[in-house]
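Asker: Provided herewith is a single structure, encoded as structure tokens, for subsequent inquiry.
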Amino acid sequence: MIINHGGSDAGHNSSEYHGVPRNDGGGRSPGKGRPVRSKGSGILICILVTALFGMVYYYFRLPALNVHSGDFYVFILLLCAVFFVCEILTSGFHGDTPKSYFIYIRKKAAVPFFIVCLCLAVMLVGSVIGFRLIRARDYSSLISVETGDFSAEVAEISFDQIPMLDKASANVLANRKLGELSDLVSQFEVFGDSYQINFQDRPVRVTYLNYGDFFKWFNNQRSGIPAYMVIDMVSQEVSVKRLENGIRYSPSEYFFRNINRYLRFKYPTKMFYEINFEIDEEGNPYWVASVITKKIGLFGGPDVVGAVLVNAVTGESTYYDIADAPTWVDRVYSAGLIIQHYDLHGLYQSGFLNSLFGQRGCTETTDGYNYIAQDDDVWLYTGITSVSGDQGNIGFILVNQRTKQARYYSCAGAEEYSAMDSAKGAVQQYKYTATFPLLLNINGQPTYFLALKDDSSLVKMYAMVNVQQYQIVATGTSVLNCADNYEALLIDNRIIDGYDRPPLENLETAEGKIAEIRSAVINGNTRYYIRLENSAMYFAINATDWPPVVILSVGDSITITFEPGTGDIISAVTVTKE
């Protein structure tokens with residue numbers, strides 16, 4: 001063993017130390033040796049650190065490895081920054097002056113600096129060629145809109161098929177249902193949103209359950225989430241669909257079974273816009289992930305090109321082009337993307353300069369939207385108004401959320417929030433709130449249908465408002481009751497001569513003796529309210545619909561057919577005296 005008490009005795013060719021020459025003239029003590037790593041080992045360390053950072057960042061941030069994604073360029077820039085900083089730290093200080101050190105830094109930064117400049121140049125050019133100033137026509141062409149005939153193309157819906165719940169009310173009912181399930185309520189919670197779809201020819205909302213917290217996930221993740229919920233938007237019934245094998249891929253999962261991470265690692269180059277929860281016609285739960293690309297320049301004009309369907313139980317996934325998506329899928333184009341596309345179409349259909357000066361023919365969607373179930377598809381509805389900000393609609397659009405087929409219907413009238421105010425004003429004594437309207441075809445008349453809710457978001461009444469004459473407002477405690485009143489108003493205002501109601505399905509019957517009978521005059525019609533023995537519910541029917549009701553008495557035995565519903569008053573369809 002050799003002990004060196006003075007300067008370095010390492011040879012000049014040693015790669016471990018560089019000796020500091022002795023200054024004999026000044027009598028100063030020799031300098032200390034400084035360890036310096038070889039160039040190859042330093043680069044290897046930098047690569048390993050950068051790769052480790054990249055894996056951690058990719059795991060948590062999940063950027064799409066796609067030139068059309070802004071997150072991809074952020075990812076590359078961060079990797080360059082980490083590599084550069086690591087290289088400087090592993091190389092140590094070089095140079096006797098700040099200037100010489102700066103020259104050294106510039107040499108070290110040559111490669112990452114070149115990559116950064118290349119990325120910035122690509123981003124700049126890609127953004128410029130997508131500017132609306134020069135590509136306004138392309139933006140207006142993101143959606144193709146046909147002109148339609150409302151009375152011919154929008155079918156009159158049977159009253160027992162009208163969706164009566166909005167998203168907020170559906171979520172309240174789902175949470176109440178979960179509270180009744182002792183084996184689930186302590187471990188899971190209802191996701192705060194729901195998705196409207198058509199399921200077995202019924203408009204429903206579906207929602208899934210999330211693990212309550214990390215520890216509840218840890219205790220249940222082996223078997224997965226055991227159920228999901230279906231809320232019937234007509235009957236307002238909530239069904240808990242138990243699964244033989246639980247949902248193992250969801251947003252509340254951790255690690256690689258988290259649905260966002262699962263999709264990213266299986267499809268690293270695809271850009272996902274929105275992930276919806278749906279069920280097929282057999283009730284199997286799926287995640288429907290919309291895949292988009294940017295059609296204008298590098299970053300402009302996002303549009304859906306397909307969808308990835310993931311079985312929420314098994315994790316099996318398949319990518320479909322938009323034209324090949326299964327027909328049971330209802331939501332590929334999100335409401336937000338459809339509205340964005342129409343607003344661009346309405347603003348730029350006559351060019352960019354026209355959108356700034358004159359604004360001839362410029363239109364936009366109103367604030368809010370709803371859904372219509374038709375032809376086993378879900379169509380988004382929203383009103384169309386001019387960009388000048390007036391308080392009326394010039395028409396409305398229906399857009400298929402699976403195919404993006406869009407139809408425009410010219411119909412000047414009240415915008416949706418004016419109709420909501422009219423409906424609330426008709427029952428202002430109750431201080432109800434109105435849901436965003438659903439557009440219906442009532443005997444060829446575009447009609448807003450609204451549910452009126454109390455403070456707990458439970459539906460208490462219904463309203464119908466004529467789109468073109470929004471002072472015509474009818475309310476009722478059931479859909480049939482509301483429709484009868486609306487029909488009478490249309491006739492009184494000479495808008496229609498008569499009304500042929502669509503056929504009803506799924507009617508129920510009640511038999512018994514009359515315990516109580518009352519009457520009231522509403523909109524000029526005498527309406528009778530009948531309560532049977534051993535029941536707290538009243539059945540309502542107009543004397544014009546069944547004149548013999550005026551001679552009924554307490555104690556008479558009758559049979560009533562009625563549409564299922566909620567509330568204390570249900571509209572009767574027929575009454576038969578035994």
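Residue names in the structure tokens use chain letters A, B, ... in the order shown, residue numbers from 1 in each chain, and ligand numbers from 1 in the order shown.
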Please identify the strand (DSSP E or B) residues within segment 323-423 of chain A (assignment by DSSP from backbone atoms) and present them as a VMD selection string.
Answerer: chain A and resid 363 to 365 370 to 374 377 to 386 392 to 400 406 to 414
Asker: Within 7 Å of segment 390-404 of chain A, counting only C-alpha atoms, which residues qualify if same-chain residues fewer than 2 places away don't, as a PDB file with all heavy atoms, in the first residue's frame?
Answerer:
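Printed below is around.pdb as written:
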ATOM      1  N   VAL A 329     -73.298   1.466 -30.014  1.00  0.00           N
ATOM      2  CA  VAL A 329     -72.547   2.601 -29.462  1.00  0.00           C
ATOM      3  C   VAL A 329     -73.309   3.882 -29.761  1.00  0.00           C
ATOM      4  O   VAL A 329     -73.678   4.149 -30.906  1.00  0.00           O
ATOM      5  CB  VAL A 329     -71.126   2.663 -30.060  1.00  0.00           C
ATOM      6  CG1 VAL A 329     -70.408   3.921 -29.596  1.00  0.00           C
ATOM      7  CG2 VAL A 329     -70.339   1.415 -29.685  1.00  0.00           C
ATOM      8  N   ASP A 330     -73.553   4.687 -28.743  1.00  0.00           N
ATOM      9  CA  ASP A 330     -74.361   5.900 -28.917  1.00  0.00           C
ATOM     10  C   ASP A 330     -73.549   7.191 -28.823  1.00  0.00           C
ATOM     11  O   ASP A 330     -73.970   8.219 -29.354  1.00  0.00           O
ATOM     12  CB  ASP A 330     -75.473   5.953 -27.865  1.00  0.00           C
ATOM     13  CG  ASP A 330     -76.541   4.903 -28.104  1.00  0.00           C
ATOM     14  OD1 ASP A 330     -76.973   4.748 -29.261  1.00  0.00           O
ATOM     15  OD2 ASP A 330     -76.932   4.214 -27.146  1.00  0.00           O
ATOM     16  N   ARG A 331     -72.418   7.161 -28.145  1.00  0.00           N
ATOM     17  CA  ARG A 331     -71.690   8.408 -27.890  1.00  0.00           C
ATOM     18  C   ARG A 331     -70.237   8.271 -28.346  1.00  0.00           C
ATOM     19  O   ARG A 331     -69.390   7.739 -27.634  1.00  0.00           O
ATOM     20  CB  ARG A 331     -71.725   8.747 -26.405  1.00  0.00           C
ATOM     21  CG  ARG A 331     -73.112   8.950 -25.821  1.00  0.00           C
ATOM     22  CD  ARG A 331     -73.055   9.094 -24.320  1.00  0.00           C
ATOM     23  NE  ARG A 331     -72.302  10.270 -23.914  1.00  0.00           N
ATOM     24  CZ  ARG A 331     -72.845  11.446 -23.616  1.00  0.00           C
ATOM     25  NH1 ARG A 331     -74.161  11.594 -23.670  1.00  0.00           N
ATOM     26  NH2 ARG A 331     -72.096  12.460 -23.244  1.00  0.00           N
ATOM     27  N   VAL A 332     -69.984   8.726 -29.562  1.00  0.00           N
ATOM     28  CA  VAL A 332     -68.609   8.801 -30.070  1.00  0.00           C
ATOM     29  C   VAL A 332     -68.177  10.261 -30.162  1.00  0.00           C
ATOM     30  O   VAL A 332     -67.082  10.627 -29.762  1.00  0.00           O
ATOM     31  CB  VAL A 332     -68.488   8.115 -31.440  1.00  0.00           C
ATOM     32  CG1 VAL A 332     -67.062   8.238 -31.970  1.00  0.00           C
ATOM     33  CG2 VAL A 332     -68.873   6.638 -31.328  1.00  0.00           C
ATOM     34  N   TYR A 333     -69.057  11.093 -30.688  1.00  0.00           N
ATOM     35  CA  TYR A 333     -68.812  12.536 -30.730  1.00  0.00           C
ATOM     36  C   TYR A 333     -69.392  13.168 -29.471  1.00  0.00           C
ATOM     37  O   TYR A 333     -70.584  13.051 -29.194  1.00  0.00           O
ATOM     38  CB  TYR A 333     -69.458  13.168 -31.967  1.00  0.00           C
ATOM     39  CG  TYR A 333     -68.801  12.787 -33.265  1.00  0.00           C
ATOM     40  CD1 TYR A 333     -69.215  11.651 -33.964  1.00  0.00           C
ATOM     41  CD2 TYR A 333     -67.770  13.545 -33.797  1.00  0.00           C
ATOM     42  CE1 TYR A 333     -68.615  11.291 -35.159  1.00  0.00           C
ATOM     43  CE2 TYR A 333     -67.165  13.197 -34.991  1.00  0.00           C
ATOM     44  CZ  TYR A 333     -67.592  12.071 -35.668  1.00  0.00           C
ATOM     45  OH  TYR A 333     -66.998  11.718 -36.854  1.00  0.00           O
ATOM     46  N   SER A 334     -68.575  13.824 -28.715  1.00  0.00           N
ATOM     47  CA  SER A 334     -69.052  14.461 -27.489  1.00  0.00           C
ATOM     48  C   SER A 334     -69.855  15.706 -27.825  1.00  0.00           C
ATOM     49  O   SER A 334     -69.709  16.308 -28.904  1.00  0.00           O
ATOM     50  CB  SER A 334     -67.882  14.829 -26.584  1.00  0.00           C
ATOM     51  OG  SER A 334     -67.151  15.914 -27.147  1.00  0.00           O
ATOM     52  N   ASP A 377     -80.640   5.808 -31.970  1.00  0.00           N
ATOM     53  CA  ASP A 377     -79.443   6.627 -31.797  1.00  0.00           C
ATOM     54  C   ASP A 377     -79.771   7.770 -30.849  1.00  0.00           C
ATOM     55  O   ASP A 377     -80.938   8.087 -30.601  1.00  0.00           O
ATOM     56  CB  ASP A 377     -78.951   7.192 -33.139  1.00  0.00           C
ATOM     57  CG  ASP A 377     -78.144   6.175 -33.928  1.00  0.00           C
ATOM     58  OD1 ASP A 377     -77.343   5.442 -33.311  1.00  0.00           O
ATOM     59  OD2 ASP A 377     -78.320   6.113 -35.166  1.00  0.00           O
ATOM     60  N   VAL A 378     -78.729   8.405 -30.348  1.00  0.00           N
ATOM     61  CA  VAL A 378     -78.885   9.587 -29.518  1.00  0.00           C
ATOM     62  C   VAL A 378     -78.474  10.798 -30.341  1.00  0.00           C
ATOM     63  O   VAL A 378     -77.350  10.855 -30.863  1.00  0.00           O
ATOM     64  CB  VAL A 378     -78.045   9.488 -28.229  1.00  0.00           C
ATOM     65  CG1 VAL A 378     -78.141  10.788 -27.432  1.00  0.00           C
ATOM     66  CG2 VAL A 378     -78.512   8.311 -27.372  1.00  0.00           C
ATOM     67  N   TRP A 379     -79.380  11.749 -30.449  1.00  0.00           N
ATOM     68  CA  TRP A 379     -79.143  12.974 -31.215  1.00  0.00           C
ATOM     69  C   TRP A 379     -79.016  14.138 -30.245  1.00  0.00           C
ATOM     70  O   TRP A 379     -79.847  14.302 -29.347  1.00  0.00           O
ATOM     71  CB  TRP A 379     -80.286  13.249 -32.192  1.00  0.00           C
ATOM     72  CG  TRP A 379     -80.419  12.218 -33.277  1.00  0.00           C
ATOM     73  CD1 TRP A 379     -80.817  10.924 -33.129  1.00  0.00           C
ATOM     74  CD2 TRP A 379     -80.146  12.405 -34.663  1.00  0.00           C
ATOM     75  NE1 TRP A 379     -80.822  10.288 -34.338  1.00  0.00           N
ATOM     76  CE2 TRP A 379     -80.416  11.167 -35.306  1.00  0.00           C
ATOM     77  CE3 TRP A 379     -79.711  13.480 -35.433  1.00  0.00           C
ATOM     78  CZ2 TRP A 379     -80.255  10.988 -36.682  1.00  0.00           C
ATOM     79  CZ3 TRP A 379     -79.559  13.303 -36.799  1.00  0.00           C
ATOM     80  CH2 TRP A 379     -79.826  12.084 -37.414  1.00  0.00           C
ATOM     81  N   LEU A 380     -77.997  14.930 -30.433  1.00  0.00           N
ATOM     82  CA  LEU A 380     -77.834  16.140 -29.625  1.00  0.00           C
ATOM     83  C   LEU A 380     -78.702  17.253 -30.194  1.00  0.00           C
ATOM     84  O   LEU A 380     -78.744  17.462 -31.408  1.00  0.00           O
ATOM     85  CB  LEU A 380     -76.373  16.567 -29.597  1.00  0.00           C
ATOM     86  CG  LEU A 380     -76.075  17.861 -28.829  1.00  0.00           C
ATOM     87  CD1 LEU A 380     -74.834  17.695 -27.963  1.00  0.00           C
ATOM     88  CD2 LEU A 380     -75.873  19.051 -29.767  1.00  0.00           C
ATOM     89  N   TYR A 381     -79.401  17.940 -29.318  1.00  0.00           N
ATOM     90  CA  TYR A 381     -80.221  19.085 -29.715  1.00  0.00           C
ATOM     91  C   TYR A 381     -79.649  20.350 -29.092  1.00  0.00           C
ATOM     92  O   TYR A 381     -79.269  20.369 -27.915  1.00  0.00           O
ATOM     93  CB  TYR A 381     -81.661  18.930 -29.235  1.00  0.00           C
ATOM     94  CG  TYR A 381     -82.337  20.271 -29.041  1.00  0.00           C
ATOM     95  CD1 TYR A 381     -82.813  20.980 -30.141  1.00  0.00           C
ATOM     96  CD2 TYR A 381     -82.426  20.858 -27.788  1.00  0.00           C
ATOM     97  CE1 TYR A 381     -83.388  22.231 -29.984  1.00  0.00           C
ATOM     98  CE2 TYR A 381     -82.992  22.105 -27.621  1.00  0.00           C
ATOM     99  CZ  TYR A 381     -83.481  22.790 -28.710  1.00  0.00           C
ATOM    100  OH  TYR A 381     -84.023  24.030 -28.548  1.00  0.00           O
ATOM    101  N   THR A 382     -79.572  21.405 -29.869  1.00  0.00           N
ATOM    102  CA  THR A 382     -79.271  22.731 -29.331  1.00  0.00           C
ATOM    103  C   THR A 382     -79.849  23.782 -30.268  1.00  0.00           C
ATOM    104  O   THR A 382     -79.994  23.550 -31.474  1.00  0.00           O
ATOM    105  CB  THR A 382     -77.754  22.955 -29.150  1.00  0.00           C
ATOM    106  OG1 THR A 382     -77.525  24.207 -28.487  1.00  0.00           O
ATOM    107  CG2 THR A 382     -77.033  22.979 -30.488  1.00  0.00           C
ATOM    108  N   GLY A 383     -80.203  24.910 -29.696  1.00  0.00           N
ATOM    109  CA  GLY A 383     -80.763  25.994 -30.492  1.00  0.00           C
ATOM    110  C   GLY A 383     -79.689  26.766 -31.233  1.00  0.00           C
ATOM    111  O   GLY A 383     -78.507  26.746 -30.878  1.00  0.00           O
ATOM    112  N   ILE A 384     -80.116  27.460 -32.289  1.00  0.00           N
ATOM    113  CA  ILE A 384     -79.216  28.285 -33.103  1.00  0.00           C
ATOM    114  C   ILE A 384     -79.720  29.722 -33.062  1.00  0.00           C
ATOM    115  O   ILE A 384     -80.908  29.982 -33.255  1.00  0.00           O
ATOM    116  CB  ILE A 384     -79.162  27.789 -34.564  1.00  0.00           C
ATOM    117  CG1 ILE A 384     -78.703  26.331 -34.613  1.00  0.00           C
ATOM    118  CG2 ILE A 384     -78.230  28.676 -35.388  1.00  0.00           C
ATOM    119  CD1 ILE A 384     -77.333  26.087 -34.038  1.00  0.00           C
ATOM    120  N   THR A 385     -78.801  30.634 -32.804  1.00  0.00           N
ATOM    121  CA  THR A 385     -79.140  32.045 -32.759  1.00  0.00           C
ATOM    122  C   THR A 385     -78.080  32.824 -33.510  1.00  0.00           C
ATOM    123  O   THR A 385     -77.030  32.284 -33.885  1.00  0.00           O
ATOM    124  CB  THR A 385     -79.235  32.528 -31.300  1.00  0.00           C
ATOM    125  OG1 THR A 385     -79.701  33.886 -31.276  1.00  0.00           O
ATOM    126  CG2 THR A 385     -77.884  32.464 -30.609  1.00  0.00           C
ATOM    127  N   SER A 386     -78.331  34.096 -33.764  1.00  0.00           N
ATOM    128  CA  SER A 386     -77.341  34.919 -34.458  1.00  0.00           C
ATOM    129  C   SER A 386     -76.260  35.362 -33.486  1.00  0.00           C
ATOM    130  O   SER A 386     -76.474  35.398 -32.271  1.00  0.00           O
ATOM    131  CB  SER A 386     -78.015  36.146 -35.087  1.00  0.00           C
ATOM    132  OG  SER A 386     -78.508  37.002 -34.070  1.00  0.00           O
ATOM    133  N   SER A 388     -75.230  38.160 -32.960  1.00  0.00           N
ATOM    134  CA  SER A 388     -75.477  39.495 -32.413  1.00  0.00           C
ATOM    135  C   SER A 388     -75.973  39.450 -30.982  1.00  0.00           C
ATOM    136  O   SER A 388     -76.036  40.463 -30.301  1.00  0.00           O
ATOM    137  CB  SER A 388     -76.492  40.246 -33.287  1.00  0.00           C
ATOM    138  OG  SER A 388     -77.722  39.534 -33.347  1.00  0.00           O
ATOM    139  N   ALA A 406     -75.689  15.848 -39.252  1.00  0.00           N
ATOM    140  CA  ALA A 406     -76.262  17.067 -38.671  1.00  0.00           C
ATOM    141  C   ALA A 406     -77.372  17.599 -39.561  1.00  0.00           C
ATOM    142  O   ALA A 406     -77.237  17.655 -40.787  1.00  0.00           O
ATOM    143  CB  ALA A 406     -75.181  18.126 -38.488  1.00  0.00           C
ATOM    144  N   ARG A 407     -78.475  18.008 -38.921  1.00  0.00           N
ATOM    145  CA  ARG A 407     -79.607  18.583 -39.635  1.00  0.00           C
ATOM    146  C   ARG A 407     -79.997  19.898 -38.978  1.00  0.00           C
ATOM    147  O   ARG A 407     -80.087  19.983 -37.750  1.00  0.00           O
ATOM    148  CB  ARG A 407     -80.807  17.629 -39.616  1.00  0.00           C
ATOM    149  CG  ARG A 407     -80.563  16.288 -40.278  1.00  0.00           C
ATOM    150  CD  ARG A 407     -81.706  15.351 -40.021  1.00  0.00           C
ATOM    151  NE  ARG A 407     -81.481  14.018 -40.579  1.00  0.00           N
ATOM    152  CZ  ARG A 407     -82.182  12.941 -40.268  1.00  0.00           C
ATOM    153  NH1 ARG A 407     -83.194  13.056 -39.392  1.00  0.00           N
ATOM    154  NH2 ARG A 407     -81.909  11.781 -40.804  1.00  0.00           N
ATOM    155  N   TYR A 408     -80.246  20.883 -39.817  1.00  0.00           N
ATOM    156  CA  TYR A 408     -80.677  22.196 -39.333  1.00  0.00           C
ATOM    157  C   TYR A 408     -82.150  22.392 -39.676  1.00  0.00           C
ATOM    158  O   TYR A 408     -82.598  22.105 -40.793  1.00  0.00           O
ATOM    159  CB  TYR A 408     -79.850  23.303 -39.978  1.00  0.00           C
ATOM    160  CG  TYR A 408     -80.399  24.688 -39.705  1.00  0.00           C
ATOM    161  CD1 TYR A 408     -80.207  25.305 -38.466  1.00  0.00           C
ATOM    162  CD2 TYR A 408     -81.130  25.368 -40.686  1.00  0.00           C
ATOM    163  CE1 TYR A 408     -80.723  26.564 -38.214  1.00  0.00           C
ATOM    164  CE2 TYR A 408     -81.637  26.632 -40.444  1.00  0.00           C
ATOM    165  CZ  TYR A 408     -81.441  27.219 -39.196  1.00  0.00           C
ATOM    166  OH  TYR A 408     -81.953  28.467 -38.952  1.00  0.00           O
ATOM    167  N   TYR A 409     -82.914  22.874 -38.693  1.00  0.00           N
ATOM    168  CA  TYR A 409     -84.346  23.131 -38.876  1.00  0.00           C
ATOM    169  C   TYR A 409     -84.610  24.598 -38.590  1.00  0.00           C
ATOM    170  O   TYR A 409     -84.355  25.086 -37.488  1.00  0.00           O
ATOM    171  CB  TYR A 409     -85.173  22.250 -37.937  1.00  0.00           C
ATOM    172  CG  TYR A 409     -84.929  20.773 -38.131  1.00  0.00           C
ATOM    173  CD1 TYR A 409     -83.986  20.108 -37.357  1.00  0.00           C
ATOM    174  CD2 TYR A 409     -85.620  20.056 -39.097  1.00  0.00           C
ATOM    175  CE1 TYR A 409     -83.747  18.751 -37.536  1.00  0.00           C
ATOM    176  CE2 TYR A 409     -85.395  18.697 -39.285  1.00  0.00           C
ATOM    177  CZ  TYR A 409     -84.454  18.054 -38.503  1.00  0.00           C
ATOM    178  OH  TYR A 409     -84.217  16.719 -38.679  1.00  0.00           O
ATOM    179  N   SER A 410     -85.103  25.285 -39.595  1.00  0.00           N
ATOM    180  CA  SER A 410     -85.419  26.698 -39.443  1.00  0.00           C
ATOM    181  C   SER A 410     -86.727  26.835 -38.672  1.00  0.00           C
ATOM    182  O   SER A 410     -87.762  26.308 -39.090  1.00  0.00           O
ATOM    183  CB  SER A 410     -85.531  27.371 -40.813  1.00  0.00           C
ATOM    184  OG  SER A 410     -85.900  28.725 -40.680  1.00  0.00           O
ATOM    185  N   CYS A 411     -86.670  27.535 -37.560  1.00  0.00           N
ATOM    186  CA  CYS A 411     -87.867  27.714 -36.733  1.00  0.00           C
ATOM    187  C   CYS A 411     -87.620  28.885 -35.791  1.00  0.00           C
ATOM    188  O   CYS A 411     -87.017  28.717 -34.728  1.00  0.00           O
ATOM    189  CB  CYS A 411     -88.185  26.443 -35.950  1.00  0.00           C
ATOM    190  SG  CYS A 411     -89.609  26.583 -34.858  1.00  0.00           S
ATOM    191  N   ALA A 412     -88.068  30.057 -36.188  1.00  0.00           N
ATOM    192  CA  ALA A 412     -87.881  31.223 -35.334  1.00  0.00           C
ATOM    193  C   ALA A 412     -88.764  31.109 -34.104  1.00  0.00           C
ATOM    194  O   ALA A 412     -89.935  30.731 -34.191  1.00  0.00           O
ATOM    195  CB  ALA A 412     -88.206  32.500 -36.110  1.00  0.00           C
ATOM    196  N   GLY A 413     -88.203  31.409 -32.960  1.00  0.00           N
ATOM    197  CA  GLY A 413     -88.989  31.330 -31.732  1.00  0.00           C
ATOM    198  C   GLY A 413     -88.153  31.633 -30.515  1.00  0.00           C
ATOM    199  O   GLY A 413     -87.051  32.192 -30.610  1.00  0.00           O
ATOM    200  N   ALA A 414     -88.664  31.251 -29.379  1.00  0.00           N
ATOM    201  CA  ALA A 414     -88.009  31.562 -28.110  1.00  0.00           C
ATOM    202  C   ALA A 414     -86.763  30.706 -27.940  1.00  0.00           C
ATOM    203  O   ALA A 414     -86.732  29.536 -28.315  1.00  0.00           O
ATOM    204  CB  ALA A 414     -88.976  31.303 -26.954  1.00  0.00           C
ATOM    205  N   GLU A 415     -85.730  31.317 -27.371  1.00  0.00           N
ATOM    206  CA  GLU A 415     -84.566  30.507 -27.011  1.00  0.00           C
ATOM    207  C   GLU A 415     -84.866  29.765 -25.711  1.00  0.00           C
ATOM    208  O   GLU A 415     -85.813  30.077 -24.997  1.00  0.00           O
ATOM    209  CB  GLU A 415     -83.315  31.374 -26.911  1.00  0.00           C
ATOM    210  CG  GLU A 415     -83.404  32.530 -25.950  1.00  0.00           C
ATOM    211  CD  GLU A 415     -82.876  32.157 -24.581  1.00  0.00           C
ATOM    212  OE1 GLU A 415     -82.083  31.207 -24.487  1.00  0.00           O
ATOM    213  OE2 GLU A 415     -83.269  32.804 -23.601  1.00  0.00           O
TER     214      GLU A 415
END
Asker: From the list A:Val238, A:Leu480, A:Ala64, A:Ile551, which residue is nearest Thr269 of chain A when using only C-alpha atoms?
Answerer: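 Ranking A:Val238, A:Leu480, A:Ala64, A:Ile551 by distance to Thr269 of chain A, first place goes to A:Ala64.
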Asker: Between atom CA of Val479 of chain A and atom CA of Val554 of chain A, what is the distance in Å, rounded to a tenth?
Answerer: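 Between these atoms lies a distance of 26.7 Å.
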Asker: Which parts of segment 156-286 of chain A does DSSP call alpha helix (DSSP H) when run on the backbone here, written out as a PyMOL selection string?
Answerer: chain A and resi 167-179+182-185+214-220+259-266
Asker: Kindly export the residues of the current selection with C-alpha atoms, as an mmCIF file, in the first residue's frame.
Answerer:
data_model
loop_
_atom_site.group_PDB
_atom_site.id
_atom_site.type_symbol
_atom_site.label_atom_id
_atom_site.label_comp_id
_atom_site.auth_asym_id
_atom_site.auth_seq_id
_atom_site.Cartn_x
_atom_site.Cartn_y
_atom_site.Cartn_z
ATOM 1 C CA LYS A 167 -78.430 14.489 -15.468
ATOM 2 C CA ALA A 168 -78.678 16.083 -12.021
ATOM 3 C CA SER A 169 -81.930 14.303 -11.140
ATOM 4 C CA ALA A 170 -80.585 10.977 -12.407
ATOM 5 C CA ASN A 171 -77.522 11.327 -10.188
ATOM 6 C CA VAL A 172 -79.680 12.088 -7.136
ATOM 7 C CA LEU A 173 -81.716 8.940 -7.744
ATOM 8 C CA ALA A 174 -78.571 6.855 -8.271
ATOM 9 C CA ASN A 175 -77.054 8.047 -4.994
ATOM 10 C CA ARG A 176 -80.270 7.300 -3.144
ATOM 11 C CA LYS A 177 -80.336 3.809 -4.610
ATOM 12 C CA LEU A 178 -76.758 3.168 -3.545
ATOM 13 C CA GLY A 179 -77.704 4.212 -0.013
ATOM 14 C CA SER A 182 -75.640 -2.068 2.546
ATOM 15 C CA ASP A 183 -72.983 -4.218 0.855
ATOM 16 C CA LEU A 184 -71.984 -1.462 -1.584
ATOM 17 C CA VAL A 185 -72.551 1.884 0.105
ATOM 18 C CA PHE A 214 -57.346 3.913 -1.631
ATOM 19 C CA PHE A 215 -57.926 1.489 1.224
ATOM 20 C CA LYS A 216 -61.335 0.492 -0.119
ATOM 21 C CA TRP A 217 -59.717 -0.052 -3.488
ATOM 22 C CA PHE A 218 -57.043 -2.215 -1.841
ATOM 23 C CA ASN A 219 -59.710 -4.344 -0.153
ATOM 24 C CA ASN A 220 -61.869 -4.814 -3.267
ATOM 25 C CA ILE A 259 -58.567 3.038 -17.765
ATOM 26 C CA ASN A 260 -56.674 6.147 -18.911
ATOM 27 C CA ARG A 261 -53.285 4.521 -18.319
ATOM 28 C CA TYR A 262 -54.446 1.204 -19.755
ATOM 29 C CA LEU A 263 -55.498 2.893 -22.992
ATOM 30 C CA ARG A 264 -52.338 4.956 -23.261
ATOM 31 C CA PHE A 265 -49.975 2.002 -22.870
ATOM 32 C CA LYS A 266 -51.966 -0.090 -25.377
#
Asker: I'd like the contact shell of Thr318 of chain A - 10 Å cut-off, only C-alpha atoms, skipping same-chain residues fewer than 4 positions apart - returned as an MDAnalysis selection string.
Answerer: chainID A and resid 307:311
Asker: Save out the residues we just selected, all heavy atoms, as a JSON list (two decimals), in the first residue's frame.
Answerer:
[["chain", "number", "residue", "atom", "x", "y", "z"],
["A", 307, "ALA", "N", -62.91, 5.01, -32.69],
["A", 307, "ALA", "CA", -63.14, 4.79, -31.26],
["A", 307, "ALA", "C", -62.52, 3.46, -30.85],
["A", 307, "ALA", "O", -62.52, 2.50, -31.62],
["A", 307, "ALA", "CB", -64.63, 4.81, -30.94],
["A", 308, "VAL", "N", -62.00, 3.44, -29.63],
["A", 308, "VAL", "CA", -61.51, 2.20, -29.03],
["A", 308, "VAL", "C", -62.56, 1.74, -28.02],
["A", 308, "VAL", "O", -62.96, 2.50, -27.14],
["A", 308, "VAL", "CB", -60.16, 2.40, -28.34],
["A", 308, "VAL", "CG1", -59.76, 1.14, -27.57],
["A", 308, "VAL", "CG2", -59.08, 2.76, -29.36],
["A", 309, "LEU", "N", -63.01, 0.50, -28.16],
["A", 309, "LEU", "CA", -63.98, -0.09, -27.23],
["A", 309, "LEU", "C", -63.24, -1.04, -26.31],
["A", 309, "LEU", "O", -62.57, -1.97, -26.78],
["A", 309, "LEU", "CB", -65.08, -0.83, -27.99],
["A", 309, "LEU", "CG", -66.30, -0.01, -28.43],
["A", 309, "LEU", "CD1", -65.90, 1.12, -29.34],
["A", 309, "LEU", "CD2", -67.32, -0.91, -29.13],
["A", 310, "VAL", "N", -63.35, -0.80, -25.02],
["A", 310, "VAL", "CA", -62.68, -1.62, -24.02],
["A", 310, "VAL", "C", -63.72, -2.29, -23.15],
["A", 310, "VAL", "O", -64.55, -1.61, -22.52],
["A", 310, "VAL", "CB", -61.73, -0.78, -23.14],
["A", 310, "VAL", "CG1", -61.01, -1.67, -22.13],
["A", 310, "VAL", "CG2", -60.73, -0.02, -23.99],
["A", 311, "ASN", "N", -63.70, -3.61, -23.09],
["A", 311, "ASN", "CA", -64.57, -4.33, -22.18],
["A", 311, "ASN", "C", -64.13, -4.02, -20.75],
["A", 311, "ASN", "O", -62.99, -4.29, -20.37],
["A", 311, "ASN", "CB", -64.49, -5.83, -22.45],
["A", 311, "ASN", "CG", -65.49, -6.63, -21.65],
["A", 311, "ASN", "OD1", -65.53, -6.58, -20.42],
["A", 311, "ASN", "ND2", -66.33, -7.38, -22.35]]
Asker: Looking at A:Ser69, A:Tyr528, A:Phe83, A:Glu156, which one is nearest to Thr447 of chain A, with distances taken over only C-alpha atoms?
Answerer: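 Closest to Thr447 of chain A, using only C-alpha atoms: A:Glu156.
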